[in-house]
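So the structure is just underneath, and the comments pick up after that.
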Amino acid sequence: MMYILRPELDEEAISAATAKISAMVTSNGGEVTKAEPWGRRRLAYPIEQCRDGQYVIMQYKLDPKASTEMERTVRLSEEVIRYLVIRLDH
């Protein structure tokens, strides 16, 4: 999962948002294998009047049914302006 947080968030707020999403994964019986903040980057186009965003990459293992519920919660989160979930085949 890659998600973009609002650019005005400080390091503490970014850590809190990442911890909140990680807690959603673990509470649904999943496991976070990697959470890596990429930092502030320029967006390809403005989203909700934001030209920059705080990028975070997170890898996790989770049942697909629980992943759907988690995506709904992330979509409603005010800190997240965009997200993308992909499935990795190993």
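Just so we're on the same page: first chain in the structure tokens is A, next is B, and so on; residues restart at 1 for each chain, and ligands are numbered from 1 in the order they show up.
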
Could you give me, as JSON lines, every stretch 52-83 of chain A residue with an atom at most 7 Å from stretch 14-30 of chain A, plus its closest atom pair and distance in Å to one decimal, counting only C-alpha atoms, rows ordered by chain then number?
```
{"residue": "A:Tyr60", "atom": "CA", "partner": "A:Gly30", "partner_atom": "CA", "distance": 7.0}
{"residue": "A:Lys61", "atom": "CA", "partner": "A:Gly30", "partner_atom": "CA", "distance": 5.4}
{"residue": "A:Leu62", "atom": "CA", "partner": "A:Gly30", "partner_atom": "CA", "distance": 4.4}
{"residue": "A:Ala66", "atom": "CA", "partner": "A:Asn28", "partner_atom": "CA", "distance": 6.2}
{"residue": "A:Met70", "atom": "CA", "partner": "A:Met24", "partner_atom": "CA", "distance": 6.6}
```

**Prompt:** Got a sec to tell me which of chain A DSSP assigns to strand (DSSP E or B), as JSON, numbers by chain?
**Reply:** {"A": [2, 3, 4, 5, 31, 32, 33, 34, 35, 36, 37, 38, 39, 40, 41, 42, 43, 44, 45, 46, 47, 50, 51, 52, 53, 54, 55, 56, 57, 58, 59, 60, 61, 80, 81, 82, 83, 84]}

Generate the output file for the selected residues, N, CA and C atoms, as a short mmCIF file (atom, residue, chain, number, x, y, z; two decimals), in the first residue's frame.
```
data_model
loop_
_atom_site.label_atom_id
_atom_site.label_comp_id
_atom_site.auth_asym_id
_atom_site.auth_seq_id
_atom_site.Cartn_x
_atom_site.Cartn_y
_atom_site.Cartn_z
N MET A 2 0.57 2.16 -0.85
CA MET A 2 1.22 3.46 -0.81
C MET A 2 0.12 4.46 -0.49
N TYR A 3 0.40 5.34 0.44
CA TYR A 3 -0.55 6.40 0.71
C TYR A 3 0.15 7.73 0.84
N ILE A 4 -0.57 8.79 0.51
CA ILE A 4 -0.04 10.15 0.55
C ILE A 4 -0.80 10.91 1.62
N LEU A 5 -0.04 11.46 2.55
CA LEU A 5 -0.62 12.24 3.65
C LEU A 5 -0.54 13.72 3.31
N GLU A 31 -0.44 -8.60 9.50
CA GLU A 31 0.91 -8.35 9.99
C GLU A 31 1.57 -7.32 9.08
N VAL A 32 2.09 -6.24 9.66
CA VAL A 32 2.83 -5.24 8.89
C VAL A 32 4.27 -5.70 8.79
N THR A 33 4.76 -5.87 7.55
CA THR A 33 6.14 -6.32 7.36
C THR A 33 7.10 -5.17 7.14
N LYS A 34 6.60 -4.04 6.63
CA LYS A 34 7.47 -2.90 6.39
C LYS A 34 6.63 -1.63 6.30
N ALA A 35 7.07 -0.58 6.95
CA ALA A 35 6.44 0.74 6.83
C ALA A 35 7.56 1.76 6.67
N GLU A 36 7.64 2.35 5.50
CA GLU A 36 8.77 3.22 5.16
C GLU A 36 8.28 4.58 4.68
N PRO A 37 8.50 5.63 5.47
CA PRO A 37 8.14 6.97 4.99
C PRO A 37 9.14 7.45 3.93
N TRP A 38 8.65 7.96 2.83
CA TRP A 38 9.50 8.47 1.76
C TRP A 38 9.73 9.97 1.87
N GLY A 39 8.94 10.63 2.71
CA GLY A 39 9.10 12.07 2.87
C GLY A 39 8.21 12.87 1.95
N ARG A 40 8.46 14.16 1.95
CA ARG A 40 7.63 15.09 1.18
C ARG A 40 8.10 15.12 -0.27
N ARG A 41 7.13 14.96 -1.18
CA ARG A 41 7.41 14.96 -2.62
C ARG A 41 6.35 15.75 -3.36
N ARG A 42 6.71 16.23 -4.53
CA ARG A 42 5.79 16.98 -5.40
C ARG A 42 4.81 16.01 -6.04
N LEU A 43 3.54 16.36 -6.04
CA LEU A 43 2.52 15.55 -6.70
C LEU A 43 2.52 15.83 -8.20
N ALA A 44 2.08 14.88 -8.98
CA ALA A 44 2.01 15.06 -10.43
C ALA A 44 0.96 16.10 -10.81
N TYR A 45 -0.09 16.21 -10.00
CA TYR A 45 -1.16 17.19 -10.22
C TYR A 45 -1.74 17.54 -8.86
N PRO A 46 -2.33 18.72 -8.73
CA PRO A 46 -2.89 19.11 -7.42
C PRO A 46 -4.05 18.22 -7.00
N ILE A 47 -4.06 17.86 -5.73
CA ILE A 47 -5.13 17.07 -5.13
C ILE A 47 -5.64 17.86 -3.93
N CYS A 50 -3.57 20.66 -2.78
CA CYS A 50 -2.24 20.31 -2.28
C CYS A 50 -1.33 20.05 -3.48
N ARG A 51 -0.17 20.65 -3.50
CA ARG A 51 0.79 20.42 -4.57
C ARG A 51 1.89 19.44 -4.14
N ASP A 52 2.05 19.23 -2.82
CA ASP A 52 3.01 18.29 -2.27
C ASP A 52 2.28 17.30 -1.38
N GLY A 53 2.97 16.23 -1.01
CA GLY A 53 2.39 15.26 -0.10
C GLY A 53 3.48 14.47 0.59
N GLN A 54 3.13 13.88 1.73
CA GLN A 54 4.04 13.03 2.49
C GLN A 54 3.76 11.58 2.09
N TYR A 55 4.69 10.97 1.38
CA TYR A 55 4.51 9.61 0.88
C TYR A 55 4.94 8.58 1.91
N VAL A 56 4.18 7.49 2.01
CA VAL A 56 4.52 6.37 2.90
C VAL A 56 4.23 5.07 2.15
N ILE A 57 5.17 4.14 2.20
CA ILE A 57 5.01 2.80 1.62
C ILE A 57 4.86 1.82 2.78
N MET A 58 3.84 0.97 2.71
CA MET A 58 3.62 -0.02 3.76
C MET A 58 3.35 -1.37 3.11
N GLN A 59 4.07 -2.39 3.55
CA GLN A 59 3.80 -3.76 3.11
C GLN A 59 3.20 -4.51 4.28
N TYR A 60 2.16 -5.27 4.00
CA TYR A 60 1.50 -6.04 5.05
C TYR A 60 0.89 -7.30 4.48
N LYS A 61 0.60 -8.23 5.37
CA LYS A 61 -0.10 -9.47 5.01
C LYS A 61 -1.46 -9.42 5.68
N VAL A 80 -5.17 11.27 4.98
CA VAL A 80 -4.79 10.64 3.72
C VAL A 80 -5.50 11.34 2.56
N ILE A 81 -4.71 11.80 1.56
CA ILE A 81 -5.33 12.42 0.40
C ILE A 81 -5.44 11.45 -0.78
N ARG A 82 -4.56 10.45 -0.85
CA ARG A 82 -4.64 9.39 -1.85
C ARG A 82 -4.01 8.13 -1.29
N TYR A 83 -4.44 6.98 -1.81
CA TYR A 83 -3.84 5.70 -1.43
C TYR A 83 -3.97 4.73 -2.60
N LEU A 84 -3.13 3.72 -2.59
CA LEU A 84 -3.19 2.68 -3.60
C LEU A 84 -2.74 1.37 -2.97
#
```

**Prompt:** Nearest to A:Leu88 among A:Met1, A:Glu11, A:Gln49, A:Asp63, with distances taken over only C-alpha atoms: which residue is it?
**Reply:**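 Ranked by minimum distance to A:Leu88, first place goes to A:Met1.
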
**Request:** List every residue of chain A that DSSP, applied to the backbone, labels as helix (DSSP H, G or I), and write the result as a VMD selection string.
**Result:** chain A and resid 11 to 27 64 to 76

Could you dump the residues just selected with N, CA, C and O atoms as a compact mmCIF listing (two decimals), in the first residue's frame?
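Result file follows (out_9.txt):
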```txt
# COMPACT_ATOMS: atom_id res chain seq x y z
N GLU A 11 6.31 15.49 11.65
CA GLU A 11 6.79 14.13 11.84
C GLU A 11 5.95 13.33 12.84
O GLU A 11 5.69 12.15 12.65
N GLU A 12 5.53 13.99 13.90
CA GLU A 12 4.71 13.32 14.92
C GLU A 12 3.36 12.90 14.36
O GLU A 12 2.88 11.79 14.62
N ALA A 13 2.74 13.76 13.57
CA ALA A 13 1.44 13.45 12.97
C ALA A 13 1.58 12.34 11.92
O ALA A 13 0.69 11.49 11.79
N ILE A 14 2.69 12.33 11.19
CA ILE A 14 2.93 11.28 10.21
C ILE A 14 3.10 9.94 10.91
O ILE A 14 2.53 8.93 10.50
N SER A 15 3.85 9.94 12.00
CA SER A 15 4.04 8.71 12.77
C SER A 15 2.72 8.22 13.36
O SER A 15 2.45 7.02 13.37
N ALA A 16 1.89 9.15 13.83
CA ALA A 16 0.58 8.79 14.39
C ALA A 16 -0.32 8.19 13.32
O ALA A 16 -1.02 7.19 13.56
N ALA A 17 -0.33 8.77 12.12
CA ALA A 17 -1.16 8.25 11.03
C ALA A 17 -0.68 6.87 10.60
O ALA A 17 -1.49 5.96 10.36
N THR A 18 0.65 6.68 10.53
CA THR A 18 1.20 5.38 10.17
C THR A 18 0.87 4.34 11.24
O THR A 18 0.52 3.20 10.92
N ALA A 19 0.97 4.74 12.51
CA ALA A 19 0.63 3.82 13.60
C ALA A 19 -0.85 3.45 13.57
O ALA A 19 -1.22 2.30 13.84
N LYS A 20 -1.71 4.40 13.21
CA LYS A 20 -3.15 4.15 13.14
C LYS A 20 -3.47 3.14 12.04
O LYS A 20 -4.24 2.20 12.25
N ILE A 21 -2.83 3.29 10.88
CA ILE A 21 -3.06 2.35 9.78
C ILE A 21 -2.46 0.98 10.11
O ILE A 21 -3.08 -0.05 9.84
N SER A 22 -1.30 0.96 10.75
CA SER A 22 -0.70 -0.31 11.17
C SER A 22 -1.59 -1.02 12.19
O SER A 22 -1.73 -2.24 12.15
N ALA A 23 -2.18 -0.26 13.09
CA ALA A 23 -3.08 -0.84 14.08
C ALA A 23 -4.32 -1.43 13.42
O ALA A 23 -4.83 -2.47 13.87
N MET A 24 -4.81 -0.81 12.34
CA MET A 24 -5.94 -1.37 11.61
C MET A 24 -5.59 -2.72 11.02
O MET A 24 -6.40 -3.65 11.03
N VAL A 25 -4.36 -2.84 10.49
CA VAL A 25 -3.92 -4.11 9.90
C VAL A 25 -3.85 -5.19 10.97
O VAL A 25 -4.39 -6.29 10.81
N THR A 26 -3.19 -4.89 12.09
CA THR A 26 -3.02 -5.90 13.14
C THR A 26 -4.34 -6.24 13.83
O THR A 26 -4.54 -7.38 14.23
N SER A 27 -5.23 -5.28 13.97
CA SER A 27 -6.52 -5.57 14.61
C SER A 27 -7.40 -6.46 13.74
O SER A 27 -8.29 -7.14 14.25
N PRO A 64 -7.93 -10.73 2.20
CA PRO A 64 -8.53 -9.77 1.27
C PRO A 64 -9.86 -9.16 1.75
O PRO A 64 -10.13 -7.99 1.49
N LYS A 65 -10.67 -9.92 2.48
CA LYS A 65 -11.93 -9.36 2.98
C LYS A 65 -11.67 -8.27 4.01
O LYS A 65 -12.34 -7.24 4.04
N ALA A 66 -10.69 -8.47 4.87
CA ALA A 66 -10.33 -7.46 5.86
C ALA A 66 -9.65 -6.26 5.19
O ALA A 66 -9.79 -5.13 5.65
N SER A 67 -8.96 -6.50 4.10
CA SER A 67 -8.31 -5.42 3.36
C SER A 67 -9.34 -4.46 2.79
O SER A 67 -9.12 -3.24 2.77
N THR A 68 -10.47 -4.97 2.35
CA THR A 68 -11.53 -4.12 1.82
C THR A 68 -12.06 -3.18 2.90
O THR A 68 -12.26 -2.00 2.65
N GLU A 69 -12.25 -3.68 4.09
CA GLU A 69 -12.72 -2.84 5.21
C GLU A 69 -11.67 -1.81 5.59
O GLU A 69 -11.99 -0.65 5.88
N MET A 70 -10.41 -2.21 5.56
CA MET A 70 -9.34 -1.28 5.90
C MET A 70 -9.26 -0.15 4.86
O MET A 70 -9.07 1.01 5.20
N GLU A 71 -9.41 -0.48 3.58
CA GLU A 71 -9.40 0.54 2.53
C GLU A 71 -10.51 1.55 2.73
O GLU A 71 -10.31 2.74 2.52
N ARG A 72 -11.67 1.09 3.16
CA ARG A 72 -12.78 2.00 3.40
C ARG A 72 -12.44 2.98 4.52
O ARG A 72 -12.69 4.17 4.42
N THR A 73 -11.80 2.49 5.56
CA THR A 73 -11.41 3.34 6.69
C THR A 73 -10.33 4.34 6.27
O THR A 73 -10.39 5.51 6.67
N VAL A 74 -9.37 3.90 5.47
CA VAL A 74 -8.31 4.80 4.99
C VAL A 74 -8.91 5.88 4.09
O VAL A 74 -8.53 7.05 4.15
N ARG A 75 -9.88 5.52 3.26
CA ARG A 75 -10.53 6.48 2.36
C ARG A 75 -11.22 7.59 3.15
O ARG A 75 -11.24 8.74 2.72
N LEU A 76 -11.76 7.26 4.32
CA LEU A 76 -12.46 8.24 5.14
C LEU A 76 -11.53 9.05 6.04
O LEU A 76 -11.96 10.02 6.66
```
